[in-house]
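File shown: upload_18.cif. Contents: mmCIF, C-alpha atoms.
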```cif
data_structure
#
loop_
_atom_site.group_PDB
_atom_site.id
_atom_site.type_symbol
_atom_site.label_atom_id
_atom_site.label_comp_id
_atom_site.auth_asym_id
_atom_site.auth_seq_id
_atom_site.Cartn_x
_atom_site.Cartn_y
_atom_site.Cartn_z
ATOM 1 C CA MET A 1149 18.521 -12.238 -19.753
ATOM 2 C CA MET A 1150 21.272 -13.375 -17.371
ATOM 3 C CA ASP A 1151 20.812 -10.226 -15.261
ATOM 4 C CA TRP A 1152 17.148 -11.080 -14.680
ATOM 5 C CA LEU A 1153 18.086 -14.614 -13.656
ATOM 6 C CA HIS A 1154 20.560 -13.222 -11.124
ATOM 7 C CA TYR A 1155 17.951 -10.781 -9.815
ATOM 8 C CA ILE A 1156 15.408 -13.565 -9.381
ATOM 9 C CA LEU A 1157 17.976 -15.773 -7.625
ATOM 10 C CA LEU A 1158 18.966 -12.881 -5.341
ATOM 11 C CA ALA A 1159 15.313 -12.260 -4.473
ATOM 12 C CA ILE A 1160 14.825 -15.959 -3.652
ATOM 13 C CA LEU A 1161 18.015 -15.960 -1.576
ATOM 14 C CA GLN A 1162 16.813 -12.855 0.287
ATOM 15 C CA GLY A 1163 13.395 -14.398 0.916
ATOM 16 C CA ILE A 1164 14.888 -17.573 2.348
ATOM 17 C CA ALA A 1165 17.706 -15.961 4.321
ATOM 18 C CA GLU A 1166 15.550 -13.199 5.806
ATOM 19 C CA ILE A 1167 13.349 -15.562 7.809
ATOM 20 C CA LEU A 1168 16.231 -17.746 8.989
ATOM 21 C CA PRO A 1169 18.664 -16.777 11.742
ATOM 22 C CA ILE A 1170 21.424 -16.133 9.201
ATOM 23 C CA SER A 1171 22.748 -12.975 7.584
ATOM 24 C CA SER A 1172 20.658 -12.236 4.524
ATOM 25 C CA SER A 1173 22.835 -9.182 3.766
ATOM 26 C CA GLY A 1174 25.983 -11.287 3.983
ATOM 27 C CA HIS A 1175 24.604 -13.892 1.626
ATOM 28 C CA LEU A 1176 23.518 -11.218 -0.849
ATOM 29 C CA ALA A 1177 26.945 -9.550 -0.762
ATOM 30 C CA LEU A 1178 28.690 -12.893 -1.225
ATOM 31 C CA TYR A 1179 26.455 -13.876 -4.158
ATOM 32 C CA GLN A 1180 26.996 -10.502 -5.812
ATOM 33 C CA ALA A 1181 30.767 -10.771 -5.345
ATOM 34 C CA ILE A 1182 30.951 -14.316 -6.696
ATOM 35 C CA PHE A 1183 28.991 -13.493 -9.848
ATOM 36 C CA ASN A 1184 30.270 -9.899 -10.142
ATOM 37 C CA ILE A 1185 26.825 -8.396 -10.552
ATOM 38 C CA ASN A 1186 25.280 -5.041 -9.651
ATOM 39 C CA GLU A 1187 28.655 -3.324 -9.808
ATOM 40 C CA GLY A 1188 28.029 0.174 -8.514
ATOM 41 C CA TYR A 1189 24.408 -0.548 -7.564
ATOM 42 C CA GLU A 1190 24.863 -2.919 -4.614
ATOM 43 C CA GLY A 1191 23.267 -0.578 -2.102
ATOM 44 C CA THR A 1192 20.275 0.286 -4.273
ATOM 45 C CA PHE A 1193 19.475 -3.312 -5.121
ATOM 46 C CA SER A 1194 19.970 -4.426 -1.525
ATOM 47 C CA ILE A 1195 17.540 -1.733 -0.384
ATOM 48 C CA LEU A 1196 14.993 -2.978 -2.918
ATOM 49 C CA LEU A 1197 15.405 -6.569 -1.736
ATOM 50 C CA HIS A 1198 15.083 -5.584 1.926
ATOM 51 C CA GLY A 1199 12.129 -3.376 1.022
ATOM 52 C CA GLY A 1200 10.433 -6.456 -0.417
ATOM 53 C CA SER A 1201 11.085 -8.314 2.829
ATOM 54 C CA LEU A 1202 9.663 -5.396 4.798
ATOM 55 C CA LEU A 1203 6.566 -5.347 2.607
ATOM 56 C CA ALA A 1204 6.035 -9.082 3.147
ATOM 57 C CA LEU A 1205 6.373 -8.649 6.922
ATOM 58 C CA LEU A 1206 3.954 -5.705 6.905
ATOM 59 C CA VAL A 1207 1.394 -7.781 5.019
ATOM 60 C CA TYR A 1208 1.877 -10.786 7.304
ATOM 61 C CA PHE A 1209 1.637 -8.737 10.492
ATOM 62 C CA SER A 1210 -1.018 -6.327 9.190
ATOM 63 C CA PRO A 1211 -3.743 -7.576 11.591
ATOM 64 C CA SER A 1212 -1.471 -6.945 14.602
ATOM 65 C CA LEU A 1213 -0.237 -3.631 13.227
ATOM 66 C CA TRP A 1214 -3.802 -2.523 12.526
ATOM 67 C CA ARG A 1215 -4.813 -3.389 16.106
ATOM 68 C CA LEU A 1216 -1.859 -1.415 17.476
ATOM 69 C CA LEU A 1217 -2.753 1.576 15.297
ATOM 70 C CA GLN A 1218 -6.343 1.423 16.516
ATOM 71 C CA SER A 1219 -5.089 1.293 20.095
ATOM 72 C CA VAL A 1220 -2.989 4.423 19.547
ATOM 73 C CA VAL A 1221 -6.009 6.287 18.154
ATOM 74 C CA MET A 1222 -8.237 5.157 21.023
ATOM 75 C CA TYR A 1223 -5.544 6.025 23.575
ATOM 76 C CA VAL A 1224 -5.252 9.544 22.147
ATOM 77 C CA GLN A 1225 -9.048 9.832 22.331
ATOM 78 C CA GLY A 1226 -8.832 9.076 26.054
ATOM 79 C CA LYS A 1227 -9.932 5.442 26.104
ATOM 80 C CA ARG A 1228 -7.851 3.421 28.570
ATOM 81 C CA THR A 1229 -8.962 -0.204 28.548
ATOM 82 C CA THR A 1230 -6.535 -2.857 29.734
ATOM 83 C CA VAL A 1231 -5.874 -4.036 26.162
ATOM 84 C CA ILE A 1232 -5.192 -0.494 24.931
ATOM 85 C CA VAL A 1233 -2.797 0.230 27.800
ATOM 86 C CA GLU A 1234 -0.963 -3.071 27.160
ATOM 87 C CA ASP A 1235 -0.700 -2.225 23.456
ATOM 88 C CA MET A 1236 0.713 1.226 24.275
ATOM 89 C CA ARG A 1237 3.243 -0.342 26.643
ATOM 90 C CA PHE A 1238 4.256 -2.776 23.877
ATOM 91 C CA ILE A 1239 4.733 0.121 21.419
ATOM 92 C CA GLY A 1240 6.843 1.918 24.015
ATOM 93 C CA TYR A 1241 9.022 -1.163 24.458
ATOM 94 C CA LEU A 1242 9.483 -1.423 20.674
ATOM 95 C CA LEU A 1243 10.567 2.204 20.463
ATOM 96 C CA LEU A 1244 12.891 1.841 23.448
ATOM 97 C CA ALA A 1245 14.459 -1.315 21.998
ATOM 98 C CA SER A 1246 15.035 0.454 18.649
ATOM 99 C CA LEU A 1247 16.942 3.380 20.148
ATOM 100 C CA PRO A 1248 20.339 1.670 20.616
ATOM 101 C CA ALA A 1249 20.442 0.438 17.012
ATOM 102 C CA GLY A 1250 19.428 3.860 15.715
ATOM 103 C CA ILE A 1251 22.052 5.667 17.775
ATOM 104 C CA VAL A 1252 24.810 3.258 16.761
ATOM 105 C CA GLY A 1253 23.717 3.496 13.122
ATOM 106 C CA VAL A 1254 23.971 7.281 13.128
ATOM 107 C CA PHE A 1255 27.472 7.360 14.591
ATOM 108 C CA VAL A 1256 29.141 4.430 12.829
ATOM 109 C CA SER A 1257 27.300 4.145 9.503
ATOM 110 C CA LYS A 1258 30.445 4.828 7.444
ATOM 111 C CA THR A 1259 32.368 2.131 9.310
ATOM 112 C CA ILE A 1260 29.488 -0.320 8.879
ATOM 113 C CA ASP A 1261 29.375 0.379 5.127
ATOM 114 C CA THR A 1262 33.111 -0.307 4.868
ATOM 115 C CA ILE A 1263 32.896 -3.495 6.913
ATOM 116 C CA PHE A 1264 29.994 -4.936 4.914
ATOM 117 C CA ALA A 1265 31.847 -4.250 1.667
ATOM 118 C CA SER A 1266 34.682 -6.515 2.842
ATOM 119 C CA LEU A 1267 34.383 -10.155 1.821
ATOM 120 C CA THR A 1268 36.937 -11.014 4.503
ATOM 121 C CA PHE A 1269 34.619 -9.677 7.203
ATOM 122 C CA ILE A 1270 31.623 -11.431 5.651
ATOM 123 C CA GLY A 1271 33.594 -14.712 5.667
ATOM 124 C CA ILE A 1272 34.554 -14.248 9.316
ATOM 125 C CA GLY A 1273 30.933 -13.459 10.121
ATOM 126 C CA PHE A 1274 29.757 -16.672 8.507
#
```

For this file, produce the structure as structure tokens.
Amino acid sequence: MMDWLHYILLAILQGIAEILPISSSGHLALYQAIFNINEGYEGTFSILLHGGSLLALLVYFSPSLWRLLQSVVMYVQGKRTTVIVEDMRFIGYLLLASLPAGIVGVFVSKTIDTIFASLTFIGIGF
């Protein structure tokens, strides 16, 4: 029963911290360290929590995402209205802005995993 209470509290913490300009991952790691939970499953549970946040964002932004998807389809079909071209430019900017994080993630993922496992680093980050 106590495990479920911790899981619910972690989910609430993730939901609150994700929308604020604070480190939701840091708060989750700190909570898990304090209560010594999810030993050996930190990564899996964190992925589930962040997946829930992603799902909530996808639902919230679904009208905008749907419009962008429609613009991509219309652009491929050869339609080039001002709105469609602006949407395609926006998608291009999103992809371009994501490249640096993706490149850094590929090359230093092991170092990042080690750093985020350190409570000292998390404390300094706070």

Each range 1191-1238 of chain A residue no farther than 12 Å from range 1243-1249 of chain A, nearest pair in Å, only C-alpha atoms, as a Markdown table:
```
| residue | atom | partner | partner_atom | distance |
| --- | --- | --- | --- | --- |
| A:Met1236 | CA | A:Leu1243 | CA | 10.6 |
| A:Arg1237 | CA | A:Leu1243 | CA | 9.9 |
| A:Phe1238 | CA | A:Leu1243 | CA | 8.7 |
```

Under the PyMOL selection byres ((chain A and resi 1158) around 10), which residues of this model are included? Write them out as a PDB file with C-alpha atoms, keeping the file's coordinate frame.
```
ATOM      1  CA  TRP A1152      17.148 -11.080 -14.680  1.00  0.00           C
ATOM      2  CA  LEU A1153      18.086 -14.614 -13.656  1.00  0.00           C
ATOM      3  CA  HIS A1154      20.560 -13.222 -11.124  1.00  0.00           C
ATOM      4  CA  TYR A1155      17.951 -10.781  -9.815  1.00  0.00           C
ATOM      5  CA  ILE A1156      15.408 -13.565  -9.381  1.00  0.00           C
ATOM      6  CA  LEU A1157      17.976 -15.773  -7.625  1.00  0.00           C
ATOM      7  CA  ALA A1159      15.313 -12.260  -4.473  1.00  0.00           C
ATOM      8  CA  ILE A1160      14.825 -15.959  -3.652  1.00  0.00           C
ATOM      9  CA  LEU A1161      18.015 -15.960  -1.576  1.00  0.00           C
ATOM     10  CA  GLN A1162      16.813 -12.855   0.287  1.00  0.00           C
ATOM     11  CA  GLY A1163      13.395 -14.398   0.916  1.00  0.00           C
ATOM     12  CA  ILE A1164      14.888 -17.573   2.348  1.00  0.00           C
ATOM     13  CA  HIS A1175      24.604 -13.892   1.626  1.00  0.00           C
ATOM     14  CA  LEU A1176      23.518 -11.218  -0.849  1.00  0.00           C
ATOM     15  CA  ALA A1177      26.945  -9.550  -0.762  1.00  0.00           C
ATOM     16  CA  TYR A1179      26.455 -13.876  -4.158  1.00  0.00           C
ATOM     17  CA  GLN A1180      26.996 -10.502  -5.812  1.00  0.00           C
ATOM     18  CA  PHE A1193      19.475  -3.312  -5.121  1.00  0.00           C
ATOM     19  CA  SER A1194      19.970  -4.426  -1.525  1.00  0.00           C
ATOM     20  CA  LEU A1197      15.405  -6.569  -1.736  1.00  0.00           C
TER      21      LEU A1197
END
```

Skipping near chain neighbours, those fewer than 5 positions away, what residues fall within 12 Å of range 1228-1234 of chain A using only C-alpha atoms, listed as an MDAnalysis selection string?
-> chainID A and resid 1215:1223 1239:1241

Coordinates-based distance that separates CA of His1198 in chain A from CA of Ile1272 in chain A (Å, one decimal) |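 Distance reported for this atom pair: 22.6 Å.
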
Length of the CA of Tyr1208 in chain A to CA of Asp1235 in chain A vector [Å] =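 A separation of 18.5 Å between them.
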
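Interatomic distance, CA of Asn1184 in chain A to CA of Ala1265 in chain A: 13.2 Å.
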
Any idea what's packed within 10 Å of Gly1273 in chain A, counting only C-alpha atoms, ignoring anything in its chain fewer than 6 positions away? Could you give it as a VMD selection string?
-> chain A and resid 1170 to 1171 1174 1267

Have a look at A:Ser1257, A:Asp1151, A:Gly1199, A:Trp1214 and name the one nearest to Ile1185 in chain A; count all atoms listed in the file.
-> A:Asp1151
